[in-house]
Every structure is written in C-alpha cells, then in structure tokens.
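Undergrad: Structure supplied as my_file.txt; contents: compact mmCIF, C-alpha atoms.
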# COMPACT_ATOMS: atom_id res chain seq x y z
CA MET E 385 -31.86 -4.98 -3.56
CA PRO E 386 -34.55 -2.50 -4.78
CA ALA E 387 -34.57 -2.04 -8.56
CA ASN E 388 -34.08 1.76 -8.42
CA LYS E 389 -31.04 1.36 -6.13
CA GLN E 390 -29.57 -1.28 -8.44
CA ASP E 391 -30.19 0.99 -11.44
CA THR E 392 -28.31 3.82 -9.71
CA ILE E 393 -25.36 1.53 -8.98
CA ASP E 394 -25.34 0.31 -12.59
CA GLN E 395 -25.41 3.88 -13.92
CA LEU E 396 -22.53 4.97 -11.68
CA TYR E 397 -20.51 1.94 -12.71
CA SER E 398 -21.24 2.63 -16.39
CA LEU E 399 -19.97 6.18 -15.91
CA ILE E 400 -16.73 4.92 -14.34
CA ALA E 401 -16.32 2.13 -16.89
CA ASN E 402 -16.70 4.72 -19.66
CA GLU E 403 -17.83 2.19 -22.27
CA GLU E 404 -21.12 1.22 -23.89
CA ASP E 405 -20.56 -2.34 -22.70
CA ALA E 406 -19.95 -1.53 -19.04
CA ARG E 407 -20.51 -5.17 -18.12
CA VAL E 408 -17.49 -6.39 -20.04
CA CYS E 409 -16.36 -9.52 -18.21
CA LYS E 410 -12.78 -10.45 -18.96
CA ASP E 411 -10.99 -13.01 -16.82
CA ILE E 412 -13.82 -13.57 -14.29
CA PRO E 413 -16.45 -16.33 -13.99
CA GLU E 414 -19.54 -15.80 -16.16
CA GLU E 415 -21.93 -15.98 -13.19
CA ALA E 416 -20.00 -13.17 -11.45
CA CYS E 417 -20.63 -10.71 -14.28
CA ARG E 418 -24.01 -9.44 -13.10
CA GLU E 419 -22.60 -8.65 -9.63
CA VAL E 420 -19.69 -6.54 -10.89
CA PRO E 421 -21.17 -3.03 -10.31
CA ARG E 422 -22.24 -3.76 -6.71
CA ASN E 423 -18.99 -5.56 -5.88
CA PHE E 424 -17.00 -2.72 -7.45
CA PHE E 425 -18.43 -0.13 -5.05
CA LEU E 426 -18.28 -2.39 -1.98
CA ILE E 427 -14.59 -3.08 -2.57
CA LEU E 428 -14.03 0.60 -3.37
CA ALA E 429 -15.65 1.76 -0.12
CA SER E 430 -13.72 -0.81 1.93
CA ASN E 431 -10.43 0.31 0.40
CA VAL E 432 -11.14 4.00 0.99
CA LEU E 433 -11.96 3.40 4.68
CA THR E 434 -8.78 1.39 5.27
CA LYS E 435 -6.69 4.05 3.55
CA LEU E 436 -8.12 6.62 5.95
CA GLY E 437 -7.34 4.30 8.84
CA ASP E 438 -3.77 3.96 7.59
CA LEU E 439 -3.38 7.75 7.77
CA LEU E 440 -4.58 7.85 11.36
CA ILE E 441 -2.03 5.25 12.52
CA SER E 442 0.84 6.13 10.18
CA PRO E 443 4.11 4.82 11.69
CA LYS E 444 5.98 7.70 10.07
CA THR E 445 3.90 10.36 11.85
CA VAL E 446 1.28 9.42 14.44
CA LEU E 447 2.90 6.32 15.97
CA ALA E 448 6.36 7.89 15.89
CA TRP E 449 5.03 10.90 17.83
CA LEU E 450 3.26 8.61 20.27
CA MET E 451 6.45 6.69 21.03
CA SER E 452 8.17 9.92 22.04
CA ALA E 453 5.12 11.15 23.91
CA VAL E 454 4.81 8.03 26.07
CA GLY E 455 8.56 8.00 26.75
CA ALA E 456 9.81 5.21 24.46
CA PRO E 457 11.70 6.99 21.65
CA ALA E 458 14.17 4.14 21.14
CA LEU E 459 11.36 1.96 19.74
CA VAL E 460 10.61 4.36 16.87
CA ALA E 461 13.11 2.59 14.60
CA TRP E 462 11.02 -0.61 14.71
CA LEU E 463 7.72 0.89 13.58
CA VAL E 464 8.09 1.02 9.78
CA PRO E 465 9.89 -2.37 9.38
CA ILE E 466 7.26 -4.13 11.50
CA ARG E 467 4.38 -2.34 9.75
CA GLU E 468 5.58 -3.28 6.25
CA SER E 469 7.53 -6.53 6.54
CA GLY E 470 5.39 -8.00 9.31
CA SER E 471 2.49 -8.29 6.88
CA MET E 472 4.60 -9.55 3.97
CA VAL E 473 7.01 -12.18 5.29
CA PRO E 474 4.40 -14.71 6.58
CA GLN E 475 2.22 -14.52 3.48
CA MET E 476 3.31 -17.82 1.93
CA VAL E 477 2.01 -19.66 5.01
CA ILE E 478 -1.13 -17.51 5.04
CA ALA E 479 -1.70 -18.17 1.33
CA ALA E 480 -1.41 -21.94 1.78
CA TRP E 481 -4.28 -21.68 4.25
CA VAL E 482 -6.34 -19.25 2.18
CA ARG E 483 -5.94 -21.40 -0.94
CA ARG E 484 -7.94 -24.25 0.65
CA LYS E 485 -11.11 -22.13 0.76
CA ALA E 486 -13.34 -21.67 -2.29
CA VAL E 487 -14.67 -18.31 -0.95
CA ARG E 488 -11.99 -16.03 0.41
CA LYS E 489 -13.67 -12.72 1.24
CA TRP E 490 -14.00 -13.80 4.87
CA PHE E 491 -10.22 -13.73 5.28
CA TRP E 492 -10.25 -10.04 4.33
CA THR E 493 -13.17 -9.35 6.65
CA LEU E 494 -11.52 -11.10 9.59
CA GLY E 495 -8.22 -9.39 8.76
CA SER E 496 -9.96 -6.02 8.87
CA PHE E 497 -11.52 -6.83 12.24
CA GLY E 498 -8.10 -8.01 13.47
CA GLN E 499 -6.58 -4.68 12.51
CA ALA E 500 -9.37 -2.87 14.34
CA VAL E 501 -8.73 -4.85 17.54
CA SER E 502 -4.98 -4.21 17.24
CA VAL E 503 -5.45 -0.46 16.85
CA ALA E 504 -7.83 -0.43 19.84
CA ALA E 505 -5.09 -2.22 21.82
CA MET E 506 -2.66 0.55 20.85
CA ALA E 507 -5.13 3.11 22.19
CA ALA E 508 -5.41 1.16 25.45
CA SER E 509 -1.60 1.04 25.76
CA VAL E 510 -1.38 4.81 25.32
CA TRP E 511 -4.15 5.51 27.83
CA PHE E 512 -3.36 3.01 30.59
CA LEU E 513 0.43 2.49 30.38
CA GLU E 514 3.53 4.70 30.48
CA GLY E 515 7.11 4.65 29.23
CA TYR E 516 8.48 1.53 27.60
CA ALA E 517 5.52 -0.52 28.84
CA ALA E 518 3.27 1.65 26.66
CA GLY E 519 5.77 1.57 23.80
CA GLY E 520 6.05 -2.22 24.06
CA GLY E 521 2.27 -2.49 24.00
CA ILE E 522 2.13 -0.43 20.80
CA VAL E 523 4.83 -2.58 19.15
CA ALA E 524 3.10 -5.83 20.20
CA ALA E 525 -0.22 -4.55 18.83
CA LEU E 526 1.52 -3.47 15.63
CA ILE E 527 2.87 -7.02 15.12
CA VAL E 528 -0.67 -8.42 15.37
CA PHE E 529 -1.89 -5.60 13.12
CA SER E 530 0.68 -6.53 10.45
CA LEU E 531 -0.23 -10.22 10.56
CA ALA E 532 -3.92 -9.35 10.13
CA ARG E 533 -2.95 -7.07 7.26
CA GLY E 534 -1.22 -10.04 5.63
CA PHE E 535 -4.55 -11.90 5.42
CA CYS E 536 -6.11 -8.84 3.78
CA SER E 537 -3.29 -8.48 1.28
CA VAL E 538 -3.41 -12.11 0.13
CA SER E 539 -7.19 -12.35 -0.10
CA MET E 540 -7.85 -8.90 -1.64
CA LYS E 541 -6.05 -9.59 -4.91
CA ASP E 542 -7.74 -12.97 -5.21
CA VAL E 543 -11.25 -11.63 -4.48
CA GLN E 544 -10.67 -8.68 -6.80
CA GLY E 545 -9.44 -11.07 -9.50
CA LYS E 546 -12.65 -13.12 -9.23
CA CYS E 547 -15.13 -10.25 -8.85
CA ILE E 548 -13.71 -7.39 -10.96
CA PRO E 549 -12.97 -7.95 -14.67
CA LYS E 550 -9.67 -7.26 -16.32
CA THR E 551 -9.47 -3.64 -17.65
CA ARG E 552 -11.46 -2.48 -14.58
CA ARG E 553 -9.05 -3.42 -11.78
CA GLY E 554 -6.61 -0.57 -12.31
CA ARG E 555 -9.28 2.10 -12.19
CA LEU E 556 -10.76 0.53 -9.03
CA SER E 557 -7.39 0.84 -7.27
CA GLY E 558 -6.80 4.29 -8.74
CA LEU E 559 -10.22 5.60 -7.72
CA ALA E 560 -9.82 4.23 -4.18
CA THR E 561 -6.44 5.95 -3.86
CA THR E 562 -7.79 9.21 -5.31
CA ILE E 563 -10.79 9.32 -2.96
CA GLY E 564 -8.66 8.21 -0.02
CA GLY E 565 -6.02 10.81 -0.84
CA THR E 566 -8.60 13.59 -1.12
CA ALA E 567 -10.19 12.53 2.17
CA THR E 568 -6.80 12.50 3.89
CA VAL E 569 -6.12 16.05 2.74
CA ILE E 570 -9.38 17.17 4.37
CA MET E 571 -8.80 15.07 7.48
CA THR E 572 -5.23 16.31 7.89
CA ALA E 573 -6.44 19.90 7.76
CA LEU E 574 -9.30 19.28 10.20
CA LEU E 575 -7.35 17.23 12.74
CA PHE E 576 -3.85 18.69 12.70
CA TRP E 577 -3.96 22.20 11.33
CA ASP E 578 -3.11 24.92 13.83
CA ARG E 579 -3.92 22.80 16.89
CA GLY E 580 -0.57 23.07 18.61
CA ASP E 581 0.86 20.00 20.29
CA PRO E 582 -1.90 17.31 20.51
CA THR E 583 -2.54 15.58 23.83
CA LEU E 584 -2.45 11.85 24.54
CA ALA E 585 -6.26 11.93 24.83
CA PHE E 586 -6.45 13.34 21.29
CA TYR E 587 -4.27 10.57 19.86
CA THR E 588 -6.13 7.90 21.81
CA ALA E 589 -9.37 9.14 20.24
CA LEU E 590 -7.64 9.16 16.86
CA LEU E 591 -6.65 5.49 17.22
CA LEU E 592 -10.17 4.51 18.28
CA LEU E 593 -11.58 6.35 15.25
CA ALA E 594 -9.23 4.36 13.02
CA ALA E 595 -10.41 1.11 14.66
CA VAL E 596 -14.02 2.03 13.85
CA LEU E 597 -13.09 2.60 10.19
CA TRP E 598 -11.65 -0.92 9.92
CA VAL E 599 -14.78 -2.42 11.53
CA ILE E 600 -17.05 -0.66 9.00
CA ALA E 601 -14.76 -1.72 6.13
CA GLY E 602 -14.96 -5.35 7.30
CA PHE E 603 -18.76 -5.33 7.33
CA LEU E 604 -18.89 -3.77 3.85
CA PHE E 605 -16.48 -6.32 2.40
CA ALA E 606 -18.49 -9.17 3.93
CA ASN E 607 -21.33 -8.17 1.56
CA VAL E 608 -19.25 -8.72 -1.58
CA GLU E 609 -20.89 -11.40 -3.74
CA GLU E 610 -18.00 -13.79 -4.33
CA TYR E 611 -18.56 -17.05 -6.19
CA ALA E 612 -16.66 -20.18 -5.24
CA GLY E 613 -13.33 -20.58 -7.01
CA GLU E 614 -10.52 -23.10 -7.23
CA THR E 615 -9.10 -24.73 -4.13
CA GLY E 616 -5.89 -26.61 -3.60
CA GLY E 617 -3.07 -27.45 -1.24
CA GLY E 618 -4.50 -29.85 1.31
CA GLY E 619 -1.19 -30.44 3.06
CA ASN E 620 0.58 -28.68 5.87
CA ALA E 621 0.55 -24.91 5.40
CA LEU E 622 4.29 -24.51 6.04
CA THR E 623 5.13 -27.35 3.63
CA GLU E 624 2.89 -25.80 1.00
CA ALA E 625 4.49 -22.41 1.60
CA ILE E 626 8.01 -23.77 1.09
CA HIS E 627 6.83 -25.58 -2.03
CA SER E 628 5.44 -22.28 -3.37
CA LEU E 629 8.97 -20.88 -3.46
CA SER E 630 9.60 -23.15 -6.44
CA LEU E 631 7.68 -20.54 -8.47
CA LEU E 632 10.78 -18.35 -8.35
CA ARG E 633 12.80 -21.17 -9.88
CA ASP E 634 10.31 -22.55 -12.40
CA ASP E 635 8.22 -19.54 -13.47
CA ALA E 636 10.51 -17.18 -15.40
CA PRO E 637 7.94 -14.39 -16.04
CA PHE E 638 7.01 -14.33 -12.35
CA ARG E 639 10.68 -14.33 -11.30
CA HIS E 640 11.30 -11.39 -13.62
CA PHE E 641 8.35 -9.51 -12.08
CA VAL E 642 9.66 -10.08 -8.53
CA ILE E 643 13.11 -8.79 -9.53
CA THR E 644 11.52 -5.71 -11.11
CA ARG E 645 9.34 -5.09 -8.05
CA ALA E 646 12.39 -5.37 -5.79
CA LEU E 647 14.24 -2.72 -7.80
CA LEU E 648 11.19 -0.46 -7.67
CA LEU E 649 11.37 -0.33 -3.86
CA CYS E 650 13.40 2.81 -4.46
CA SER E 651 10.26 4.97 -4.69
CA ALA E 652 9.16 3.93 -1.19
CA LEU E 653 12.57 3.95 0.49
CA ALA E 654 13.71 7.36 -0.78
CA SER E 655 10.83 9.44 0.62
CA PRO E 656 11.98 9.62 4.28
CA TYR E 657 15.39 10.93 3.23
CA PHE E 658 13.76 13.89 1.46
CA VAL E 659 12.10 14.72 4.79
CA VAL E 660 15.43 14.31 6.64
CA LEU E 661 17.19 16.75 4.28
CA ALA E 662 14.32 19.24 4.60
CA GLN E 663 14.55 19.07 8.40
CA LYS E 664 18.27 19.81 8.23
CA GLU E 665 17.68 22.85 6.06
CA SER E 666 14.72 24.27 7.97
CA ASP E 667 13.15 23.72 11.39
CA ILE E 668 9.86 25.38 10.43
CA GLY E 669 7.13 23.77 12.53
CA TRP E 670 4.51 23.54 9.77
CA MET E 671 6.85 21.73 7.35
CA LEU E 672 5.65 18.29 8.51
CA GLY E 673 2.09 19.31 7.61
CA VAL E 674 3.32 20.33 4.17
CA PHE E 675 4.80 16.87 3.60
CA LEU E 676 1.60 15.19 4.80
CA LEU E 677 -0.46 17.29 2.42
CA ALA E 678 2.01 16.69 -0.42
CA SER E 679 1.68 12.94 -0.02
CA SER E 680 -2.13 13.05 0.09
CA LEU E 681 -2.43 15.45 -2.83
CA ALA E 682 -0.09 13.36 -4.95
CA SER E 683 -2.29 10.31 -4.40
CA SER E 684 -5.57 12.10 -5.02
CA LEU E 685 -4.36 13.90 -8.16
CA SER E 686 -2.48 11.07 -9.86
CA ALA E 687 -3.89 7.72 -8.76
CA SER E 688 -6.95 7.68 -11.04
CA PHE E 689 -4.78 8.64 -14.01
CA TRP E 690 -2.36 5.82 -13.18
CA GLY E 691 -5.28 3.43 -12.61
CA TRP E 692 -6.91 4.12 -15.97
CA ALA E 693 -3.53 3.86 -17.69
CA ALA E 694 -2.85 0.53 -15.92
CA ASP E 695 -6.00 -0.91 -17.47
CA THR E 696 -4.42 -0.28 -20.87
CA SER E 697 -0.89 -1.37 -19.94
CA SER E 698 0.20 -1.90 -16.35
CA ARG E 699 3.71 -2.60 -17.66
CA ARG E 700 4.00 0.88 -19.17
CA VAL E 701 2.72 2.42 -15.92
CA MET E 702 5.54 0.70 -14.03
CA ILE E 703 8.05 1.93 -16.61
CA ARG E 704 6.85 5.53 -16.38
CA GLY E 705 6.62 5.48 -12.58
CA ALA E 706 10.14 4.02 -12.31
CA ALA E 707 11.53 6.58 -14.77
CA MET E 708 9.96 9.44 -12.84
CA ALA E 709 11.13 8.14 -9.44
CA SER E 710 14.66 7.61 -10.75
CA PHE E 711 14.79 11.09 -12.29
CA VAL E 712 13.55 12.80 -9.11
CA CYS E 713 16.00 10.90 -6.88
CA LEU E 714 18.99 11.52 -9.14
CA ALA E 715 18.06 15.18 -9.64
CA VAL E 716 17.76 15.79 -5.88
CA GLY E 717 20.85 13.74 -5.07
CA ILE E 718 23.10 15.31 -7.69
CA THR E 719 21.85 18.84 -6.87
CA ALA E 720 22.55 18.32 -3.17
CA LEU E 721 25.93 16.81 -4.00
CA ILE E 722 26.96 19.82 -6.09
CA VAL E 723 25.54 22.75 -4.11
CA GLY E 724 25.14 21.11 -0.69
CA THR E 725 22.01 20.02 1.16
CA ASP E 726 21.17 23.65 1.99
CA ILE E 727 19.49 24.36 -1.38
CA GLY E 728 18.30 27.82 -0.31
CA SER E 729 14.58 27.23 -0.74
CA VAL E 730 12.27 25.62 1.82
CA TRP E 731 10.05 24.39 -1.04
CA PHE E 732 12.70 22.40 -2.95
CA TYR E 733 12.36 19.17 -0.95
CA PRO E 734 8.54 19.29 -0.53
CA VAL E 735 8.11 19.76 -4.29
CA ALA E 736 10.52 16.89 -4.97
CA PHE E 737 8.69 14.79 -2.37
CA PHE E 738 5.39 15.56 -4.15
CA ALA E 739 6.83 14.43 -7.50
CA LEU E 740 8.28 11.27 -5.95
CA SER E 741 4.91 10.49 -4.34
CA ILE E 742 3.25 10.72 -7.77
CA ALA E 743 5.88 8.35 -9.14
CA HIS E 744 5.37 5.95 -6.23
CA ALA E 745 1.60 5.93 -6.85
CA GLY E 746 2.30 4.88 -10.45
CA VAL E 747 4.77 2.17 -9.45
CA ARG E 748 2.40 0.81 -6.79
CA LEU E 749 -0.71 0.75 -8.99
CA GLY E 750 1.19 -0.60 -11.97
CA ARG E 751 2.74 -3.55 -10.16
CA LYS E 752 -0.49 -4.40 -8.30
CA THR E 753 -2.52 -4.46 -11.51
CA TYR E 754 0.22 -6.36 -13.34
CA LEU E 755 0.29 -9.08 -10.67
CA VAL E 756 -3.50 -9.56 -10.70
CA ASP E 757 -3.62 -9.66 -14.52
CA MET E 758 -0.67 -12.01 -15.04
CA ALA E 759 -2.14 -14.88 -12.99
CA GLY E 760 -5.45 -16.72 -12.69
CA GLY E 761 -7.03 -19.19 -10.28
CA ASN E 762 -4.83 -20.34 -7.41
CA LYS E 763 -1.76 -18.85 -9.08
CA ARG E 764 -2.99 -15.39 -8.17
CA THR E 765 -2.91 -16.25 -4.46
CA ASP E 766 0.50 -17.94 -4.76
CA TYR E 767 1.99 -15.10 -6.79
CA THR E 768 0.79 -12.53 -4.26
CA ALA E 769 2.07 -14.48 -1.27
CA VAL E 770 5.47 -15.44 -2.68
CA SER E 771 6.21 -11.97 -4.08
CA ASN E 772 5.13 -10.23 -0.87
CA THR E 773 7.17 -12.58 1.30
CA VAL E 774 10.31 -12.11 -0.81
CA ILE E 775 9.80 -8.34 -0.97
CA GLY E 776 9.23 -8.22 2.80
CA VAL E 777 12.61 -9.85 3.42
CA LEU E 778 14.33 -7.68 0.81
CA LEU E 779 12.73 -4.58 2.35
CA LEU E 780 14.40 -5.36 5.67
CA VAL E 781 17.74 -6.04 3.97
CA THR E 782 17.59 -2.96 1.73
CA GLY E 783 16.40 -0.82 4.62
CA GLY E 784 19.36 -1.98 6.68
CA LEU E 785 21.81 -1.21 3.86
CA THR E 786 20.40 2.26 3.25
CA ALA E 787 20.43 2.95 6.99
CA ALA E 788 24.12 2.01 7.07
CA ILE E 789 24.91 4.29 4.11
CA SER E 790 22.89 7.12 5.64
CA VAL E 791 25.27 7.18 8.62
CA PHE E 792 27.80 8.68 6.21
CA SER E 793 25.54 10.54 3.77
CA GLU E 794 21.77 10.80 3.13
CA VAL E 795 22.59 12.23 -0.29
CA ALA E 796 24.48 9.05 -1.21
CA VAL E 797 21.42 7.00 -0.25
CA ILE E 798 19.17 9.05 -2.55
CA ILE E 799 21.61 8.65 -5.47
CA VAL E 800 21.91 4.89 -4.90
CA LEU E 801 18.13 4.55 -4.80
CA GLY E 802 17.87 6.65 -7.98
CA LEU E 803 20.22 4.24 -9.76
CA MET E 804 18.18 1.35 -8.36
CA GLY E 805 15.04 2.87 -9.87
CA LEU E 806 16.80 3.26 -13.21
CA ALA E 807 17.64 -0.45 -13.17
CA GLY E 808 14.01 -1.15 -12.29
CA MET E 809 12.83 0.84 -15.29
CA PHE E 810 14.99 -1.20 -17.69
CA SER E 811 13.81 -4.39 -16.02
CA ALA E 812 10.16 -3.32 -16.46
CA ILE E 813 10.79 -2.62 -20.15
CA ARG E 814 11.68 -6.30 -20.55
CA LEU E 815 8.46 -7.52 -18.88
CA LYS E 816 5.78 -9.20 -21.01
CA GLU E 817 2.52 -7.33 -21.61
CA VAL E 818 -0.35 -8.92 -19.66
CA THR E 819 -3.13 -6.30 -19.77
CA GLU E 820 -3.84 -6.22 -23.47
CA ASP E 821 -5.36 -9.39 -24.89
Step by step, read the file and then write its structure as structure tokens.
TA:
Amino acid sequence: MPANKQDTIDQLYSLIANEEDARVCKDIPEEACREVPRNFFLILASNVLTKLGDLLISPKTVLAWLMSAVGAPALVAWLVPIRESGSMVPQMVIAAWVRRKAVRKWFWTLGSFGQAVSVAAMAASVWFLEGYAAGGGIVAALIVFSLARGFCSVSMKDVQGKCIPKTRRGRLSGLATTIGGTATVIMTALLFWDRGDPTLAFYTALLLLAAVLWVIAGFLFANVEEYAGETGGGGNALTEAIHSLSLLRDDAPFRHFVITRALLLCSALASPYFVVLAQKESDIGWMLGVFLLASSLASSLSASFWGWAADTSSRRVMIRGAAMASFVCLAVGITALIVGTDIGSVWFYPVAFFALSIAHAGVRLGRKTYLVDMAGGNKRTDYTAVSNTVIGVLLLVTGGLTAAISVFSEVAVIIVLGLMGLAGMFSAIRLKEVTED
C-alpha cells in the first residue's frame, strides 16, 4: 500500500481512537497490531454495506409487502422467525467447522456471497413466478440466506476479536451502526418517499441492488489481514456442537450472560407491537415511513455513543439499555391500559418507538461487545455459537408466547416484555465487568 495512503488511514484511525497511543493492542496478537487501522476500516465498510442490504430486504417491510404483492400473504408470518432464528439455531454446528480453521475471514466472505446469491434468487422468484410459487421461492431463498448469515455471525466476532483490540471494538460496531443508520435515512427518503405504490419491477431492482452490496462487502472483507489463530475440534461437527452445550453447565459467567441476553430480547420483540397499536389508532399512509425513519435515526444518533461507552463498560451499556427499554415498554403499556390504545396523538407511538430503538441499539452493542471481550481464542467462537443457538430457539418460543398473548391484548404483551426487560436489567447488574482491565 502506498505510504501516503497508509498515513491517511493511520490518521483517520487515530482520530477515531481519540488517544495518543492509537495503536494500543489489548487482547490481540502482537503481529496483528500494525494492521489494526487498515483492518478497522475494511471491517467497518463491510458492516455498513451489509446493514444497507438488510434495509433493502427487511422482512418487516419489503419482504412482507412482496408476499402480499405476489399473492402469498399467508407466508408473511414465517419471514421474521426464519430471518432471525434460521441464522442462530445451526451455529453450534457451524462453529465446530469454523473452529478447525486458523484463518476464518473466508467464512464471512463466503457467507456474504451466499447472502447475495439468496437475495438474487428472491428477485428471480418475484420476477418469474406468481402466487404461492413466488412466495415459496422467497421463503426457500430466505432459509439459505439465514444459514449463510450464520457463518458471518460466527466468524465476524472471532475475526474482530483477533484483528481489533479491546477498547476499540465497541466504537467499531457503534460507528458502523451510525453510518449505516444515516445512510438508511437517506436511502429511505430517496427510494420510498412520495412514490406511491411501488411496482414489482421496482422491488426486483431493489433486491438486486442489495445482492450487489453483499458482493462488494465480501470482497472488502477478503482483504482483512487476519493472522492464524488457535484451532481445535477435529471430530464430527455435530458431536462437537453437542459437546459445546456443556459450556452452559460448566461456565457460570457465560451461563449468566446467556440468561441476561435472553431477558433482553424484550427490546427486539416489543417494537412490532408499537407499530400495531399505531395502525389501530391511525391509518395515515405515511406513518410506515415515519417508523422506518425513526428506526434509522435512532441507530445513527445513538450507536456511536453506545459504542464508545461499551469500550469503557459494556456491562453498564447493557444495564442502561435494558432500563430504558423496560421504562418505555411499561410507560406505553400502562398508559394504554389506563386511557385506552387511542392515545389521541399520532406521534405518541412513533416517539416511543424511537426511544425503544435507541434502547435496543444500546442492548445490542453492549451484549455484542461484552461477548467478544469476555472470551479469547476458540472460546470466542464457541461462546458466539452456543449463545446464538440458544437465543434462536428461545426467540421462537418467546415469539410464540407473545403471539398467543397478543390474540387477547397487544397491551398485555408490551407490559410483559417491559417486566422481562426489568428482570434483564437486574441480571445485567450482577454480571462481571470484562471491559476494564
């Protein structure tokens, strides 16, 4: 790399690191230290591109609309569970495979390419098929997409743990979310604002654009300079995966973290019910755009703050995020219980949704940074895989329970999730500090 280009990268990294010793190298191999600035920006760019891609194929908006548009509305209920749990549940098997390789960035690269192919298959289903054949094609492609995403999830934390030093990981995640959130605000306005009802051709082009983003992200990540790390687990992947579950029994700090993370699912599960209540109160057509912008703005405005704070104490970030999520849910739930769901203001639920999205950004960044910092070597891969697999199963179970409660009352669901977040806050208080050494 030319010296002037390297100097520019070093200067930008020093500005972000905000310290005289920008090359501080905690918890990474010594030989990896000199590559930190370049790796930082390659991983940052890859993350930003995939976050943009996630917006363009959001199961809560774009794919849900597509299912109705192609004539398969009954399949909408499967989109979010497949998108989230499909990438989490198989991760113990995936991790047993990944753990055998000393260099693991290629799993992320191939996972990114796999997501690109899956999204392109969705576009083909929309363009060439109709009705439930098209809907089935989208669901099948989404299953493959989620599996490919599982490879990215397992390998990302491990590569980040080897290439980015402790006290810099939180701000990397925060900056990626901030830039991605800001870009999604602009993209939402450009693509969706005042365009009426989009055509199938428009959404097909949107899916192909998302596929291109994942391809570019894969090529960028392939250029990360990752040094060989520990390997292990030469046996059968499924056997190794089952053996990894013993971590929940034998590793008390990790078990405590998984319990805390499970309780903090409240911040993710409550959001759709805010939208449901808003739809009941008002059928204003532009309200969906308001919620999309609220989500993007919350990420762009708060993620860097949460990321920098996580580098000081990821535990405290989880506590604050959980407290905020619990407060918002209980405030909305109790208000709706007392005065009814028709609050009288179209802005009540979007504002609450915005606050909850800020809280969710804190919970998400806090627990991601905590997991990377609490483990080293192969444990990082195992911790990621086991926790994601368990959370994936619990997400399906909790989602089913909340769906059952929502048949009787969406307000009751929000209150239950608020209490769940409160329990998560107290559980996070009892976690051990791992960021400060």
Undergrad: I need the residue nearest Arg467 (chain E) from this list: E:Leu559, E:Ile600, E:Met540, E:Leu526. Use only C-alpha atoms for the distance.
TA: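 Of E:Leu559, E:Ile600, E:Met540, E:Leu526, the one nearest Arg467 (chain E), counting only C-alpha atoms, is E:Leu526.
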Undergrad: Could you state the separation of CA of Leu531 (chain E) and CA of Thr562 (chain E) in Å, given to one decimal place?
TA: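 Separation of CA of Leu531 (chain E) and CA of Thr562 (chain E): 26.2 Å.
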Undergrad: Restricting the calculation to all atoms listed in the file, which member of E:Phe737, E:Thr768, E:Asp757, E:Phe658 is positioned closest to Cys536 (chain E)?
TA: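 Among the listed residues, E:Thr768 lies closest to Cys536 (chain E).
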Undergrad: Which residues are close to Ala606 (chain E), i.e. within 7 Å by only C-alpha atoms, leaving aside same-chain residues fewer than 5 positions away? Reply as a VMD selection string.
TA: chain E and resid 489 to 490 493
Undergrad: Show which residues sit within 10 Å of Ala500 (chain E), as a list of chain:residue names. Count all atoms listed in the file, and ignore same-chain residues fewer than 5 positions away.
TA: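 Final neighbour list, sorted by chain and number: E:Gly437, E:Leu494, E:Gly495, E:Ala505, E:Met506, E:Phe529, E:Ala532, E:Leu591, E:Leu592, E:Leu593, E:Ala594, E:Ala595, E:Val596, E:Leu597, E:Trp598, E:Val599, E:Ile600, E:Ala601, E:Gly602.
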Undergrad: Got a sec: who's within 8 Å of Ala678 (chain E), counting all atoms listed in the file, leaving out chain neighbours fewer than 3 positions off, as a list of chain:residue names?
TA: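 Surrounding residues, per the criterion: E:Val674, E:Phe675, E:Leu681, E:Ala682, E:Pro734, E:Val735, E:Phe737, E:Phe738, E:Ser741.
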Undergrad: Draw an axis-aligned box over all listed atoms of region 640-651 of chain E, pad each side with 4 Å, and write its centre and edge lengths in Å, one decimal, as lines of an AutoDock Vina configuration file.
TA:
center_x = 11.3
center_y = -3.2
center_z = -8.7
size_x = 13.9
size_y = 24.4
size_z = 17.8
Undergrad: For each of E:Ser683, E:Ser530, E:Thr719, E:Thr588, take the minimum atom-to-atom distance to Gly498 (chain E), counting only C-alpha atoms, then give the residue where this is smallest.
TA: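 Closest candidate: E:Ser530.
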Undergrad: Could you give me, as a ChimeraX atom specification, the residues within 10 Å of region 744-746 of chain E, counting all atoms listed in the file and dropping anything in the same chain fewer than 6 positions from it?
TA: /E:558,561,648-652,655,679,682-684,686-691,693-694,698,700-706,708-709,738,752
Undergrad: Rank E:Val503, E:Val774, E:Leu779, E:Ile742 by their smallest atom-to-atom distance to Leu631 (chain E), using all atoms listed in the file, and report the top residue only.
TA: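 Of all the options, E:Val774 lies closest to Leu631 (chain E).
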Undergrad: So how far away is CA of Phe605 (chain E) from CA of Arg751 (chain E), in Å?
TA: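 CA of Arg751 (chain E) sits 23.1 Å away from CA of Phe605 (chain E).
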Undergrad: Would you list the contacts of Phe512 (chain E) as a list of chain:residue names, taking every protein, DNA or RNA residue within 12 Å and counting all atoms listed in the file, but skipping same-chain residues closer than 5 positions in sequence?
TA: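 The residues satisfying every condition are E:Val454, E:Ala505, E:Met506, E:Ala507, E:Ala517, E:Ala518, E:Gly519, E:Gly521, E:Ile522, E:Leu584, E:Ala585, E:Thr588.
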Undergrad: Considering only C-alpha atoms, can you say which of E:Gly545, E:Thr572, E:Ile789, E:Gly805 comes closest to Tyr754 (chain E)?
TA: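 Of the candidates, the smallest distance to Tyr754 (chain E) is held by E:Gly545.
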Undergrad: When you draw a straight line from CA of Val473 (chain E) to CA of Phe641 (chain E), how long is it in Å?
TA: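 Going from CA of Val473 (chain E) over to CA of Phe641 (chain E) covers 17.6 Å.
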Undergrad: Return the single residue from E:Phe586, E:Val482, E:Pro549, E:Ala812 that is closest to Val510 (chain E), with distances computed using all atoms listed in the file.
TA: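 Of the candidates, the smallest distance to Val510 (chain E) is held by E:Phe586.
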